[in-house]
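**Q** For reference, the file coords_4.cif (mmCIF, C-alpha atoms) is included below:
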data_protein
loop_
_atom_site.label_atom_id
_atom_site.label_comp_id
_atom_site.auth_asym_id
_atom_site.auth_seq_id
_atom_site.Cartn_x
_atom_site.Cartn_y
_atom_site.Cartn_z
CA MET W 1 0.00 0.00 0.00
CA ARG W 2 1.37 3.41 -0.98
CA VAL W 3 0.54 6.08 1.59
CA THR W 4 1.28 9.79 1.24
CA LEU W 5 1.83 11.89 4.37
CA ALA W 6 0.95 15.53 3.69
CA GLN W 7 2.80 17.48 6.38
CA ILE W 8 1.51 20.91 5.38
CA SER W 9 1.15 24.38 6.91
CA PRO W 10 -2.54 25.37 6.68
CA ARG W 11 -3.53 29.02 6.73
CA LEU W 12 -6.42 30.55 8.67
CA ASN W 13 -8.68 30.83 5.63
CA ARG W 14 -10.49 28.78 3.04
CA SER W 15 -7.62 28.79 0.54
CA ASN W 16 -6.46 25.51 2.11
CA LEU W 17 -9.04 23.56 0.13
CA GLY W 18 -7.46 24.68 -3.13
CA GLU W 19 -4.00 23.69 -1.89
CA VAL W 20 -5.25 20.29 -0.75
CA ILE W 21 -6.82 19.68 -4.17
CA ASP W 22 -3.55 20.66 -5.91
CA ILE W 23 -1.55 18.29 -3.68
CA VAL W 24 -3.96 15.42 -4.26
CA ASN W 25 -3.80 15.93 -8.02
CA LYS W 26 -0.01 15.88 -7.89
CA PHE W 27 0.26 12.65 -5.90
CA LYS W 28 -2.82 10.64 -6.93
CA GLY W 29 -1.03 8.73 -9.68
CA GLY W 30 1.54 7.24 -7.36
CA SER W 31 -0.37 6.70 -4.13
CA ASP W 32 -3.33 4.77 -2.76
CA LEU W 33 -4.06 7.00 0.25
CA ILE W 34 -3.14 10.58 1.16
CA ILE W 35 -3.51 11.90 4.71
CA PHE W 36 -3.57 15.54 5.81
CA PRO W 37 -3.34 16.89 9.40
CA GLU W 38 -5.99 18.04 11.86
CA LEU W 39 -8.02 21.05 10.62
CA SER W 40 -6.01 21.01 7.39
CA LEU W 41 -8.85 22.74 5.51
CA ASN W 42 -9.15 25.59 8.01
CA GLY W 43 -6.07 26.26 10.12
CA TYR W 44 -6.07 25.67 13.86
CA LEU W 45 -6.81 28.91 15.75
CA LEU W 46 -10.18 29.52 14.15
CA GLN W 47 -12.10 30.83 17.16
CA ASP W 48 -14.95 33.03 15.85
CA LYS W 49 -13.86 32.48 12.24
CA LEU W 50 -15.72 29.19 12.53
CA TYR W 51 -18.94 31.03 11.71
CA GLU W 52 -17.48 32.03 8.34
CA ASP W 53 -15.06 29.27 7.51
CA ALA W 54 -16.61 25.98 8.67
CA TYR W 55 -17.62 23.64 5.86
CA SER W 56 -20.73 21.73 4.95
CA ILE W 57 -20.13 18.38 3.27
CA GLU W 58 -21.69 19.72 0.05
CA GLU W 59 -18.78 22.15 -0.27
CA LEU W 60 -16.28 19.29 -0.42
CA SER W 61 -17.62 17.64 -3.58
CA ALA W 62 -14.24 18.09 -5.30
CA LEU W 63 -12.67 15.76 -2.74
CA LYS W 64 -15.39 13.20 -3.36
CA THR W 65 -14.62 13.31 -7.08
CA LEU W 66 -10.86 13.03 -6.54
CA SER W 67 -11.37 10.02 -4.28
CA TYR W 68 -12.18 7.92 -7.35
CA ASP W 69 -8.42 8.08 -7.99
CA ILE W 70 -7.01 8.04 -4.45
CA ASP W 71 -8.38 7.71 -0.92
CA ILE W 72 -8.23 11.05 0.92
CA VAL W 73 -8.21 11.83 4.64
CA VAL W 74 -8.50 15.49 5.69
CA GLY W 75 -9.19 17.40 8.87
CA ALA W 76 -11.88 20.07 8.76
CA ALA W 77 -14.13 22.26 10.85
CA MET W 78 -17.60 21.06 9.90
CA ARG W 79 -21.06 22.49 10.46
CA ASP W 80 -23.33 19.97 12.17
CA GLU W 81 -26.71 21.68 12.19
CA LYS W 82 -26.27 24.46 14.80
CA VAL W 83 -22.87 23.40 16.16
CA PHE W 84 -19.33 22.97 14.84
CA ARG W 85 -17.22 19.80 14.92
CA ASN W 86 -13.51 19.14 14.61
CA ALA W 87 -13.66 16.29 12.13
CA ALA W 88 -11.51 13.72 10.38
CA LEU W 89 -13.05 12.84 7.00
CA TYR W 90 -12.26 9.77 4.87
CA PHE W 91 -13.20 9.92 1.16
CA SER W 92 -13.02 6.88 -1.11
CA ARG W 93 -14.56 5.87 -4.44
CA GLY W 94 -16.55 9.08 -4.73
CA GLU W 95 -18.09 8.94 -1.27
CA LEU W 96 -17.54 10.18 2.26
CA VAL W 97 -16.89 6.76 3.77
CA SER W 98 -16.43 7.84 7.39
CA GLN W 99 -16.18 10.90 9.60
CA HIS W 100 -14.85 11.01 13.14
CA TYR W 101 -15.73 13.95 15.37
CA LYS W 102 -13.00 14.74 17.89
CA VAL W 103 -14.23 13.53 21.28
CA HIS W 104 -11.67 15.02 23.66
CA LEU W 105 -11.48 18.78 23.10
CA PRO W 106 -8.61 20.43 25.00
CA ASN W 107 -9.53 23.48 27.03
CA TYR W 108 -6.40 24.41 28.95
CA GLY W 109 -3.35 26.63 28.48
CA MET W 110 -3.07 27.65 24.83
CA PHE W 111 -6.03 25.46 23.79
CA GLU W 112 -9.65 26.68 23.64
CA GLU W 113 -11.30 24.06 21.43
CA ALA W 114 -14.08 23.21 23.89
CA ARG W 115 -15.18 26.84 23.74
CA TYR W 116 -15.89 26.69 20.01
CA PHE W 117 -16.45 23.05 19.04
CA GLU W 118 -19.01 20.49 20.12
CA ALA W 119 -17.40 17.20 21.13
CA GLY W 120 -18.06 13.94 19.39
CA GLU W 121 -19.33 10.99 21.40
CA VAL W 122 -18.13 7.74 19.84
CA PHE W 123 -15.13 5.94 18.42
CA GLU W 124 -16.02 3.82 15.44
CA SER W 125 -14.16 1.79 12.85
CA PHE W 126 -15.02 1.11 9.24
CA THR W 127 -13.96 -1.57 6.80
CA LEU W 128 -12.54 -0.73 3.41
CA ARG W 129 -10.93 -3.25 1.04
CA ASP W 130 -10.93 -5.88 3.80
CA LYS W 131 -9.04 -3.58 6.20
CA LYS W 132 -10.55 -2.25 9.41
CA ILE W 133 -9.64 1.41 9.95
CA SER W 134 -9.97 3.73 12.96
CA MET W 135 -9.51 7.51 12.82
CA LEU W 136 -8.72 9.82 15.72
CA VAL W 137 -7.95 13.50 16.12
CA CYS W 138 -5.00 14.65 18.25
CA GLU W 139 -6.06 14.87 21.94
CA ASP W 140 -8.20 11.75 21.55
CA LEU W 141 -5.03 9.65 21.74
CA TRP W 142 -3.98 11.08 25.11
CA HIS W 143 -6.82 9.33 26.97
CA GLU W 144 -6.48 5.79 28.28
CA SER W 145 -10.20 5.17 27.77
CA VAL W 146 -9.66 5.70 24.05
CA HIS W 147 -6.87 3.13 24.04
CA LYS W 148 -9.31 0.63 25.54
CA ASP W 149 -11.91 1.49 22.88
CA LEU W 150 -9.32 0.97 20.15
CA ILE W 151 -8.28 -2.39 21.54
CA LYS W 152 -11.94 -3.48 21.44
CA GLU W 153 -12.30 -2.21 17.85
CA ASN W 154 -9.19 -4.22 16.85
CA PRO W 155 -8.35 -2.18 13.72
CA ASP W 156 -5.73 -3.04 11.11
CA LEU W 157 -4.87 0.63 10.60
CA ILE W 158 -5.13 3.66 12.89
CA ILE W 159 -5.00 7.15 11.39
CA ALA W 160 -4.18 10.05 13.71
CA LEU W 161 -4.68 13.63 12.48
CA VAL W 162 -2.74 16.05 14.66
CA ALA W 163 -2.02 19.76 15.19
CA SER W 164 0.57 19.70 17.97
CA PRO W 165 2.42 22.91 18.84
CA ALA W 166 6.10 22.67 19.69
CA ARG W 167 6.84 22.99 23.40
CA GLY W 168 9.32 21.62 25.91
CA PHE W 169 12.53 22.40 24.03
CA THR W 170 15.60 20.49 25.28
CA ASP W 171 19.17 19.97 24.11
CA ASP W 172 18.09 16.63 22.68
CA GLY W 173 14.89 17.75 20.95
CA LEU W 174 11.29 18.27 22.01
CA GLU W 175 9.55 16.90 25.09
CA ILE W 176 6.19 16.98 23.29
CA GLU W 177 7.61 14.86 20.46
CA ASP W 178 8.95 12.31 22.93
CA GLN W 179 5.53 12.17 24.61
CA TRP W 180 3.75 11.69 21.31
CA LEU W 181 6.14 8.95 20.18
CA SER W 182 5.60 7.10 23.45
CA ILE W 183 1.82 7.28 23.00
CA ILE W 184 1.64 6.20 19.38
CA LYS W 185 4.13 3.37 19.83
CA THR W 186 2.11 2.09 22.78
CA VAL W 187 -1.20 2.29 20.90
CA ALA W 188 0.21 0.53 17.84
CA LYS W 189 1.52 -2.34 20.00
CA GLU W 190 -1.65 -2.55 22.10
CA CYS W 191 -3.76 -2.90 18.96
CA ALA W 192 -1.22 -4.83 16.87
CA ALA W 193 -2.04 -2.30 14.15
CA LYS W 194 -0.13 0.06 11.90
CA LEU W 195 -0.55 3.67 12.97
CA ILE W 196 -0.11 6.71 10.73
CA PHE W 197 0.57 9.97 12.57
CA VAL W 198 0.28 13.19 10.53
CA ASN W 199 1.13 16.45 12.29
CA ARG W 200 1.15 19.91 10.71
CA VAL W 201 3.92 22.50 10.57
CA GLY W 202 4.01 26.30 10.30
CA PHE W 203 3.05 29.18 12.57
CA GLU W 204 -0.25 30.67 13.72
CA ASP W 205 -0.46 33.62 16.12
CA GLY W 206 2.73 32.67 17.97
CA LEU W 207 2.17 28.91 17.91
CA GLY W 208 4.71 26.85 15.99
CA PHE W 209 3.83 23.31 14.92
CA TRP W 210 6.61 20.72 14.73
CA GLY W 211 5.59 18.07 12.18
CA GLY W 212 7.50 14.81 12.62
CA SER W 213 4.77 12.81 10.86
CA CYS W 214 5.49 9.09 10.79
CA VAL W 215 4.34 5.52 10.26
CA VAL W 216 4.44 3.18 13.26
CA GLY W 217 4.56 -0.57 12.77
CA SER W 218 2.30 -2.98 14.62
CA ASP W 219 5.27 -3.85 16.84
CA GLY W 220 5.65 -0.21 17.90
CA THR W 221 8.69 0.57 15.79
CA ILE W 222 8.94 3.80 13.78
CA GLY W 223 9.29 2.95 10.12
CA GLU W 224 9.08 6.08 7.99
CA LYS W 225 9.40 9.57 9.51
CA LEU W 226 9.30 13.12 8.18
CA PRO W 227 11.53 15.88 9.57
CA ARG W 228 10.54 18.48 12.13
CA TYR W 229 9.36 21.93 11.05
CA GLU W 230 9.51 21.23 7.32
CA LYS W 231 6.57 21.44 4.96
CA ILE W 232 6.84 18.21 3.01
CA VAL W 233 4.59 15.72 1.21
CA LYS W 234 6.07 12.26 0.74
CA THR W 235 4.84 8.81 -0.29
CA PHE W 236 5.89 5.58 1.44
CA ASN W 237 5.22 1.91 0.83
CA ILE W 238 3.84 0.35 3.99
#
For the file at hand, write its structure as structure tokens.
**A**
Amino acid sequence: MRVTLAQISPRLNRSNLGEVIDIVNKFKGGSDLIIFPELSLNGYLLQDKLYEDAYSIEELSALKTLSYDIDIVVGAAMRDEKVFRNAALYFSRGELVSQHYKVHLPNYGMFEEARYFEAGEVFESFTLRDKKISMLVCEDLWHESVHKDLIKENPDLIIALVASPARGFTDDGLEIEDQWLSIIKTVAKECAAKLIFVNRVGFEDGLGFWGGSCVVGSDGTIGEKLPRYEKIVKTFNI
């Protein structure tokens, strides 16, 4: 399976959709699945811009069409009747196959998601081409209860869409990266599943995002890894 990790730097406006479409068109001939980070269609620090910039599924018809050529996973702020959701969307064969609404919304320190988004309630898996897939968004993976849910789901592939700011700088690297690697290695081993971690890069209002997107094997080993801080889109065989 050829998987493309799109470690991009979304802007706080709707121009991201055009960039995502351009990237998909560039890579669709040599990849089976392309994965973008959390809120890749919107940027992270949306706050009140949600009222202008959140999407309805009808506005993403171009991604449905492109998914005839390649499976696409994107993160987006979605309108859900009168509320907004932080969503991971999986498009395949011209359809929205699955959407996961972020369940655990951080509301501490630099994070204010719970103020603007409505939390999801469930963790579900879906089957595509005989593979069971689970999707999560960022903070979801930091909760032990979610690990237990994933073990019960018993997926073959876990997809994690992330927007993690850089913090905890040390002489050896980043504390937050070390914490994330510990979590995703543990989850991959617990579930005996491959895990794809896609984190964004770039800056928004003083927050810098570190990237480091990677593929974790079912034994918890890091296979393919992208560099920190660099905007890069790369395809791997997994």
**Q** Find the residue from W:Val3, W:Leu195, W:Val162, W:Leu46 that sits nearest to Glu177 in chain W; use only C-alpha atoms when measuring.
**A**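 Among the listed residues, the smallest separation from Glu177 in chain W belongs to W:Val162.
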**Q** So which one's closest to Lys64 in chain W, W:Thr235, W:Ser92, W:Ser182, W:Ser9? Using only C-alpha atoms, please.
**A**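 The answer is W:Ser92, which sits nearest to Lys64 in chain W.
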**Q** Contacts of Val83 in chain W at 12 Å or less, counting all atoms listed in the file, minus same-chain residues fewer than 2 places along, as a list in words?
**A**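 Listed by chain and then number, they are Leu50, Tyr51, Ala54, Tyr55, Ser56, Ala77, Met78, Arg79, Asp80, Glu81, Arg85, Asn86, Tyr101, Ala114, Arg115, Tyr116, Phe117, Glu118, Ala119 and Gly120 of chain W.
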**Q** Could you spell out the hits of the PyMOL selection byres ((chain W and resi 237) around 12) on the shown file, as a ChimeraX atom specification?
**A** /W:1-5,30-33,215,223-224,234-236,238
**Q** Name the residues that the PyMOL selection byres ((chain W and resi 75) around 12) pulls out of this structure, and write them as a compact mmCIF listing (two decimals) with C-alpha atoms, keeping the file's coordinate frame.
**A**
# COMPACT_ATOMS: atom_id res chain seq x y z
CA ALA W 6 0.95 15.53 3.69
CA ILE W 8 1.51 20.91 5.38
CA PRO W 10 -2.54 25.37 6.68
CA ASN W 16 -6.46 25.51 2.11
CA LEU W 17 -9.04 23.56 0.13
CA VAL W 20 -5.25 20.29 -0.75
CA ILE W 34 -3.14 10.58 1.16
CA ILE W 35 -3.51 11.90 4.71
CA PHE W 36 -3.57 15.54 5.81
CA PRO W 37 -3.34 16.89 9.40
CA GLU W 38 -5.99 18.04 11.86
CA LEU W 39 -8.02 21.05 10.62
CA SER W 40 -6.01 21.01 7.39
CA LEU W 41 -8.85 22.74 5.51
CA ASN W 42 -9.15 25.59 8.01
CA GLY W 43 -6.07 26.26 10.12
CA TYR W 44 -6.07 25.67 13.86
CA ALA W 54 -16.61 25.98 8.67
CA TYR W 55 -17.62 23.64 5.86
CA LEU W 60 -16.28 19.29 -0.42
CA ILE W 72 -8.23 11.05 0.92
CA VAL W 73 -8.21 11.83 4.64
CA VAL W 74 -8.50 15.49 5.69
CA ALA W 76 -11.88 20.07 8.76
CA ALA W 77 -14.13 22.26 10.85
CA MET W 78 -17.60 21.06 9.90
CA ARG W 85 -17.22 19.80 14.92
CA ASN W 86 -13.51 19.14 14.61
CA ALA W 87 -13.66 16.29 12.13
CA ALA W 88 -11.51 13.72 10.38
CA LEU W 89 -13.05 12.84 7.00
CA TYR W 90 -12.26 9.77 4.87
CA PHE W 91 -13.20 9.92 1.16
CA GLN W 99 -16.18 10.90 9.60
CA HIS W 100 -14.85 11.01 13.14
CA TYR W 101 -15.73 13.95 15.37
CA LYS W 102 -13.00 14.74 17.89
CA MET W 135 -9.51 7.51 12.82
CA LEU W 136 -8.72 9.82 15.72
CA VAL W 137 -7.95 13.50 16.12
CA CYS W 138 -5.00 14.65 18.25
CA ILE W 159 -5.00 7.15 11.39
CA ALA W 160 -4.18 10.05 13.71
CA LEU W 161 -4.68 13.63 12.48
CA VAL W 162 -2.74 16.05 14.66
CA ALA W 163 -2.02 19.76 15.19
CA VAL W 198 0.28 13.19 10.53
CA ASN W 199 1.13 16.45 12.29
CA ARG W 200 1.15 19.91 10.71
**Q** Pull out every residue that the PyMOL selection byres ((chain W and resi 174) around 12) matches in the shown coordinates and put them as a ChimeraX atom specification.
**A** /W:164-173,175-181,209-212,228-229
**Q** What's the separation between CA of Gly220 in chain W and CA of Ala188 in chain W, in Å to one decimal place?
**A** 5.5 Å
**Q** In Å to one decimal, how far is CA of Glu139 in chain W from CA of His104 in chain W?
**A** 5.9 Å
**Q** Hey, can you check how far CA of Phe27 in chain W sits from CA of Ser134 in chain W?
**A**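 So the two atoms, CA of Phe27 in chain W and CA of Ser134 in chain W, lie 23.2 Å apart.
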**Q** Mind checking which residues fall within 9 Å of Leu128 in chain W, counting all atoms listed in the file, ignoring those fewer than 4 positions away in the same chain, and posting them as a list in words?
**A** Ser92, Val97, Lys132 and Ile133 of chain W
**Q** Would you mind telling me which residue in W:Lys131, W:Lys148, W:Lys225, W:Arg14 lies nearest to Phe197 in chain W when using all atoms listed in the file?
**A**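 Going through W:Lys131, W:Lys148, W:Lys225, W:Arg14 one by one, the smallest distance to Phe197 in chain W is for W:Lys225.
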**Q** Closest to Leu150 in chain W among W:Lys189, W:Lys82, W:Lys28, W:Arg93, using all atoms listed in the file?
**A**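 Counting all atoms listed in the file, the residue closest to Leu150 in chain W is W:Lys189.
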**Q** Would you mind telling me which residue in W:Gln7, W:Leu12, W:Ala192, W:Phe123 lies nearest to Cys214 in chain W when using only C-alpha atoms?
**A**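 Going through W:Gln7, W:Leu12, W:Ala192, W:Phe123 one by one, the smallest distance to Cys214 in chain W is for W:Gln7.
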**Q** Between W:Val187, W:Ile158, W:Val24, W:Leu96, which residue has the minimum interatomic distance to Ser125 in chain W, considering all atoms listed in the file?
**A**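 Between W:Val187, W:Ile158, W:Val24, W:Leu96, the residue approaching Ser125 in chain W most closely is W:Ile158.
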**Q** Around all of range 6-25 of chain W's listed atoms, make the axis-aligned box with 3 Å on each side and tell me centre and edge lengths in Å to one decimal, as JSON.
**A**
{"center_x": -3.8, "center_y": 23.1, "center_z": 0.3, "size_x": 19.3, "size_y": 21.4, "size_z": 22.7}
